[in-house]
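Enquirer: Sharing a structure with you now.
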Amino acid sequence: MMSGYISDCLGENFSCIQPKPILPQKFNWDVFMATLIPTEGCNFQCSYCHKNHPAASMTRDTLDQIEEYITAQAPRHKQVVLAWLGGEPILCKDTVLEVSEMIQNLQKQHGFQYTAKMTTNGYLLDEKLFRQFCQAGITSYQITLDGWNHDKTRPHVSGKGTLRTIIDNLVALSKLPPEEYSFHITLRRNLLAGDEDYSWYDYLYRLFGQDKRFDVLVCAVGDWGGKGSTICHPFTRILKRCWLRSILHIWIKSGCCVIIKCTVSPVQIVLYSGPTGKLENVLRLLTVLNPS
């Protein structure tokens with residue numbers, strides 16, 4: 001740890017522990033947090049993605065250094081939190097499982113609390129692998145589903161669609177008994193300018209609305225430059241300013257089965273079948289928070 005940052009690059013090709021500023025007055029020194037990127041490769045070719053995806057993966061030497069670092073640090077803390085990112089981390093599932101097993105062995109020795117999360121496109125997350133990940137302590141996931149246009153914005157590198165496979169995987173996971181599998185899956189929706197068909201949320205409600213282990217995160221895609229900004233239609237700053245209020249108007253008008261959980265961007269919603277009139281209160285608050 002140097003100058004308030006976790007800044008040491010342990011990989012030959014890319015940083016494996018992401019730099020994060022530490023605020024001493026707010027930082028919880030009882031918690032050890034690490035974000036691991038086992039590969040920069042990805043099996044998707046998303047139209048709005050600002051990243052290049054070289055086939056660079058974590059080397060054995062890098063993995064050994066990370067395991068050595070975690071082994072030294074974890075026992076000094078009451079809680080260990082691990083986050084897996086990519087690229088697509090499941091492309092290196094053996095690395096994920098190896099590090100997870102190592103931390104669980106440390107947990108048995110030292111008694112700290114261990115939690116892990118993963119951001120994945122969900123394409124390879126079938127029930128068999130999900131069971132393995134749950135046993136490895138990875139119980140929180142973020143998976144992006146871009147509505148009815150998903151296959152256009154998030155195709156496989158081969159060019160074929162990916163939505164059906166991901167939905168089938170998620171439906172299989174929803175059938176796992178809650179008393180045995182206590183997980184949390186956030187279904188993220190990236191909205192482009194002009195996306196106004198909110199029947200997608202009713203569809204998600206029909207699939208997962210009765211399962212408290214699922215919720216939805218809605219984010220507006222912004223223009224961060226690069227080739228993707230000319231291919232798709234991201235939100236401009238002006239459109240983003242009006243987006244929260246307009247999306248609520250549409251939801252109220254259409255009576256979609258959703259309710260807003262928080263009122264700042266990005267919007268977190270939970271699948272809900274109650275009266276849409278409750279959204280009016282959120283809309284009034286949002287008008288105060290985001291005046292036109």
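Ligands are numbered from 1 in the order shown, chains are lettered A, B, ... in the order of the structure tokens, and residues start at 1 in each chain.
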Segment 14-201 of chain A: which residues are strand (DSSP E) by DSSP, as number ranges by chain?
Expert: A: 31-36, 79-84, 113-119, 138-144, 184-191
Enquirer: Which neighbours of segment 45-59 of chain A fall inside 6 Å, counting only C-alpha atoms, when residues of the same chain fewer than 6 positions from it are skipped, and could you give them as a PyMOL selection string?
Expert: chain A and resi 38-39+153-157+228
Enquirer: Just want the 12 Å neighbourhood of Gln73 of chain A, counted on only C-alpha atoms, with same-chain residues fewer than 2 positions away dropped. Output as an MDAnalysis selection string.
Expert: chainID A and resid 1 29:34 66:71 75:81 103 106:107 110 112
Enquirer: Please produce a file of those selected residues containing N, CA, C and O atoms, as a compact mmCIF listing (two decimals), in the first residue's frame.
Expert:
# COMPACT_ATOMS: atom_id res chain seq x y z
N MET A 1 0.87 -1.18 0.00
CA MET A 1 0.00 0.00 0.00
C MET A 1 0.90 1.23 0.00
O MET A 1 1.74 1.39 0.86
N TRP A 29 -10.71 -0.53 8.42
CA TRP A 29 -9.47 -1.29 8.42
C TRP A 29 -9.68 -2.74 8.79
O TRP A 29 -8.75 -3.56 8.70
N ASP A 30 -10.89 -3.12 9.22
CA ASP A 30 -11.18 -4.51 9.55
C ASP A 30 -11.54 -5.32 8.31
O ASP A 30 -11.72 -6.53 8.39
N VAL A 31 -11.67 -4.64 7.16
CA VAL A 31 -12.10 -5.31 5.94
C VAL A 31 -10.97 -5.29 4.91
O VAL A 31 -10.41 -4.23 4.61
N PHE A 32 -10.66 -6.46 4.37
CA PHE A 32 -9.70 -6.57 3.27
C PHE A 32 -10.48 -6.79 1.98
O PHE A 32 -11.24 -7.75 1.86
N MET A 33 -10.32 -5.88 1.00
CA MET A 33 -11.05 -5.97 -0.25
C MET A 33 -10.07 -6.09 -1.41
O MET A 33 -9.08 -5.35 -1.46
N ALA A 34 -10.35 -6.99 -2.33
CA ALA A 34 -9.51 -7.15 -3.51
C ALA A 34 -10.39 -7.37 -4.74
O ALA A 34 -11.38 -8.10 -4.68
N ILE A 66 -0.43 -13.21 -6.19
CA ILE A 66 -1.70 -12.79 -5.61
C ILE A 66 -2.07 -13.67 -4.42
O ILE A 66 -2.49 -13.17 -3.36
N GLU A 67 -1.91 -14.96 -4.57
CA GLU A 67 -2.23 -15.88 -3.48
C GLU A 67 -1.33 -15.63 -2.27
O GLU A 67 -1.77 -15.69 -1.12
N GLU A 68 -0.07 -15.32 -2.54
CA GLU A 68 0.86 -15.00 -1.45
C GLU A 68 0.44 -13.72 -0.73
O GLU A 68 0.48 -13.65 0.51
N TYR A 69 0.02 -12.74 -1.52
CA TYR A 69 -0.42 -11.46 -0.94
C TYR A 69 -1.68 -11.65 -0.09
O TYR A 69 -1.76 -11.15 1.04
N ILE A 70 -2.66 -12.38 -0.61
CA ILE A 70 -3.90 -12.59 0.13
C ILE A 70 -3.64 -13.41 1.39
O ILE A 70 -4.20 -13.14 2.46
N THR A 71 -2.77 -14.41 1.28
CA THR A 71 -2.44 -15.25 2.44
C THR A 71 -1.84 -14.41 3.56
O THR A 71 -2.09 -14.66 4.75
N PRO A 75 -5.58 -12.91 7.08
CA PRO A 75 -5.68 -13.21 8.52
C PRO A 75 -5.63 -11.99 9.41
O PRO A 75 -5.99 -12.07 10.60
N ARG A 76 -5.23 -10.84 8.89
CA ARG A 76 -5.12 -9.62 9.68
C ARG A 76 -6.44 -8.86 9.76
O ARG A 76 -6.51 -7.82 10.39
N HIS A 77 -7.48 -9.36 9.10
CA HIS A 77 -8.75 -8.64 9.01
C HIS A 77 -9.91 -9.52 9.49
O HIS A 77 -9.82 -10.74 9.50
N LYS A 78 -10.99 -8.85 9.86
CA LYS A 78 -12.18 -9.57 10.30
C LYS A 78 -13.05 -10.01 9.13
O LYS A 78 -13.86 -10.92 9.27
N GLN A 79 -12.91 -9.33 7.99
CA GLN A 79 -13.74 -9.65 6.83
C GLN A 79 -12.90 -9.55 5.56
O GLN A 79 -12.09 -8.65 5.40
N VAL A 80 -13.12 -10.49 4.65
CA VAL A 80 -12.46 -10.50 3.35
C VAL A 80 -13.53 -10.44 2.27
O VAL A 80 -14.47 -11.24 2.27
N VAL A 81 -13.41 -9.48 1.37
CA VAL A 81 -14.37 -9.31 0.27
C VAL A 81 -13.61 -9.39 -1.05
O VAL A 81 -12.69 -8.60 -1.29
N ILE A 103 -8.85 -19.11 -0.17
CA ILE A 103 -9.39 -18.19 0.84
C ILE A 103 -10.27 -18.94 1.84
O ILE A 103 -10.24 -18.66 3.04
N LEU A 106 -8.10 -20.52 4.33
CA LEU A 106 -7.62 -19.52 5.28
C LEU A 106 -8.72 -19.15 6.27
O LEU A 106 -8.46 -18.95 7.47
N GLN A 107 -9.94 -19.08 5.78
CA GLN A 107 -11.08 -18.75 6.64
C GLN A 107 -11.24 -19.79 7.75
O GLN A 107 -11.52 -19.44 8.91
N HIS A 110 -8.47 -19.04 10.33
CA HIS A 110 -8.41 -17.76 11.04
C HIS A 110 -9.77 -17.18 11.42
O HIS A 110 -9.83 -16.20 12.16
N PHE A 112 -12.15 -15.41 9.80
CA PHE A 112 -12.70 -14.16 9.28
C PHE A 112 -13.94 -14.45 8.43
O PHE A 112 -14.17 -15.56 7.97
Enquirer: May I ask which of the residues A:Ser199, A:Gln113, A:Thr165, A:Pro178 is the closest one to Asp211 of chain A, counting only C-alpha atoms?
Expert: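 Answer, going by the shortest atom-to-atom distance: A:Pro178.
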Enquirer: Would you list the contacts of Asn121 of chain A as a list in words, taking every protein, DNA or RNA residue within 9 Å and counting only C-alpha atoms, but skipping same-chain residues closer than 4 positions in sequence?
Expert: Asn43, Phe44, Glu88, Ile90, Leu125, Gln142, Ile143, Thr144, Leu145 and Ile166 of chain A
Enquirer: Write to file, as an mmCIF file, in the first residue's frame, the residues of the selection just made, with N, CA, C and O atoms.
Expert:
data_model
loop_
_atom_site.group_PDB
_atom_site.id
_atom_site.type_symbol
_atom_site.label_atom_id
_atom_site.label_comp_id
_atom_site.auth_asym_id
_atom_site.auth_seq_id
_atom_site.Cartn_x
_atom_site.Cartn_y
_atom_site.Cartn_z
ATOM 1 N N ASN A 43 -15.933 -13.240 -24.291
ATOM 2 C CA ASN A 43 -16.624 -14.006 -25.333
ATOM 3 C C ASN A 43 -17.776 -13.228 -25.959
ATOM 4 O O ASN A 43 -18.504 -13.768 -26.783
ATOM 5 N N PHE A 44 -17.954 -11.951 -25.563
ATOM 6 C CA PHE A 44 -18.954 -11.077 -26.160
ATOM 7 C C PHE A 44 -18.270 -9.971 -26.965
ATOM 8 O O PHE A 44 -17.093 -9.673 -26.754
ATOM 9 N N GLU A 88 -14.291 -11.358 -19.266
ATOM 10 C CA GLU A 88 -15.271 -12.293 -18.738
ATOM 11 C C GLU A 88 -14.554 -13.268 -17.814
ATOM 12 O O GLU A 88 -13.836 -14.168 -18.268
ATOM 13 N N ILE A 90 -15.397 -15.815 -16.090
ATOM 14 C CA ILE A 90 -15.700 -17.245 -16.147
ATOM 15 C C ILE A 90 -14.843 -17.956 -17.195
ATOM 16 O O ILE A 90 -14.680 -19.175 -17.149
ATOM 17 N N LEU A 125 -22.610 -19.268 -17.289
ATOM 18 C CA LEU A 125 -22.987 -19.545 -15.896
ATOM 19 C C LEU A 125 -24.174 -20.506 -15.848
ATOM 20 O O LEU A 125 -25.289 -20.143 -15.476
ATOM 21 N N GLN A 142 -23.622 -9.708 -10.827
ATOM 22 C CA GLN A 142 -24.269 -8.728 -11.701
ATOM 23 C C GLN A 142 -24.184 -9.244 -13.130
ATOM 24 O O GLN A 142 -23.101 -9.552 -13.627
ATOM 25 N N ILE A 143 -25.356 -9.346 -13.779
ATOM 26 C CA ILE A 143 -25.453 -9.865 -15.144
ATOM 27 C C ILE A 143 -26.276 -8.880 -15.962
ATOM 28 O O ILE A 143 -27.361 -8.479 -15.559
ATOM 29 N N THR A 144 -25.764 -8.490 -17.122
ATOM 30 C CA THR A 144 -26.447 -7.506 -17.955
ATOM 31 C C THR A 144 -27.340 -8.170 -18.984
ATOM 32 O O THR A 144 -26.918 -9.070 -19.708
ATOM 33 N N LEU A 145 -28.589 -7.706 -19.028
ATOM 34 C CA LEU A 145 -29.563 -8.124 -20.041
ATOM 35 C C LEU A 145 -30.127 -6.859 -20.671
ATOM 36 O O LEU A 145 -30.772 -6.065 -19.991
ATOM 37 N N ILE A 166 -28.599 -17.003 -21.783
ATOM 38 C CA ILE A 166 -28.512 -16.390 -20.456
ATOM 39 C C ILE A 166 -29.829 -16.535 -19.705
ATOM 40 O O ILE A 166 -29.837 -16.867 -18.505
#
Enquirer: Using only C-alpha atoms, which residue out of A:Arg189, A:Ala172, A:Leu91, A:Met118 lies closest to Phe208 of chain A?
Expert: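 Distance minimum relative to Phe208 of chain A lands on A:Ala172.
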Enquirer: Looking only at the backbone, which of the residues in segment 39-133 of chain A does DSSP tag as alpha helix (DSSP H), as a PyMOL selection string?
Expert: chain A and resi 60-73+93-110+127-133
Enquirer: Hey, can you check how far atom CA of Asp168 of chain A sits from atom CA of Phe130 of chain A?
Expert: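 Distance reported for this atom pair: 13.1 Å.
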Enquirer: Kindly give the distance, in Å, that separates atom CA of Val221 of chain A and atom CA of Leu173 of chain A, rounded to a single decimal.
Expert: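 Taking atom CA of Val221 of chain A and atom CA of Leu173 of chain A, their separation equals 27.8 Å.
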Enquirer: Contacts of segment 179-181 of chain A at 12 Å or less, counting only C-alpha atoms, minus same-chain residues fewer than 5 places along, as a PyMOL selection string?
Expert: chain A and resi 127+130-135+137-140+173-174+211+213
Enquirer: If I take atom CA of Asn149 of chain A and atom CA of Asp215 of chain A, how far is one from the other in Å, to one decimal?
Expert: 19.8 Å
Enquirer: Could you list, as a list of chain:residue names, every residue within 7 Å of Leu163 of chain A, counting only C-alpha atoms and ignoring same-chain residues fewer than 3 positions away?
Expert: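 Contacts, in chain order: A:His150, A:Asp151, A:Ile166, A:Ile167.
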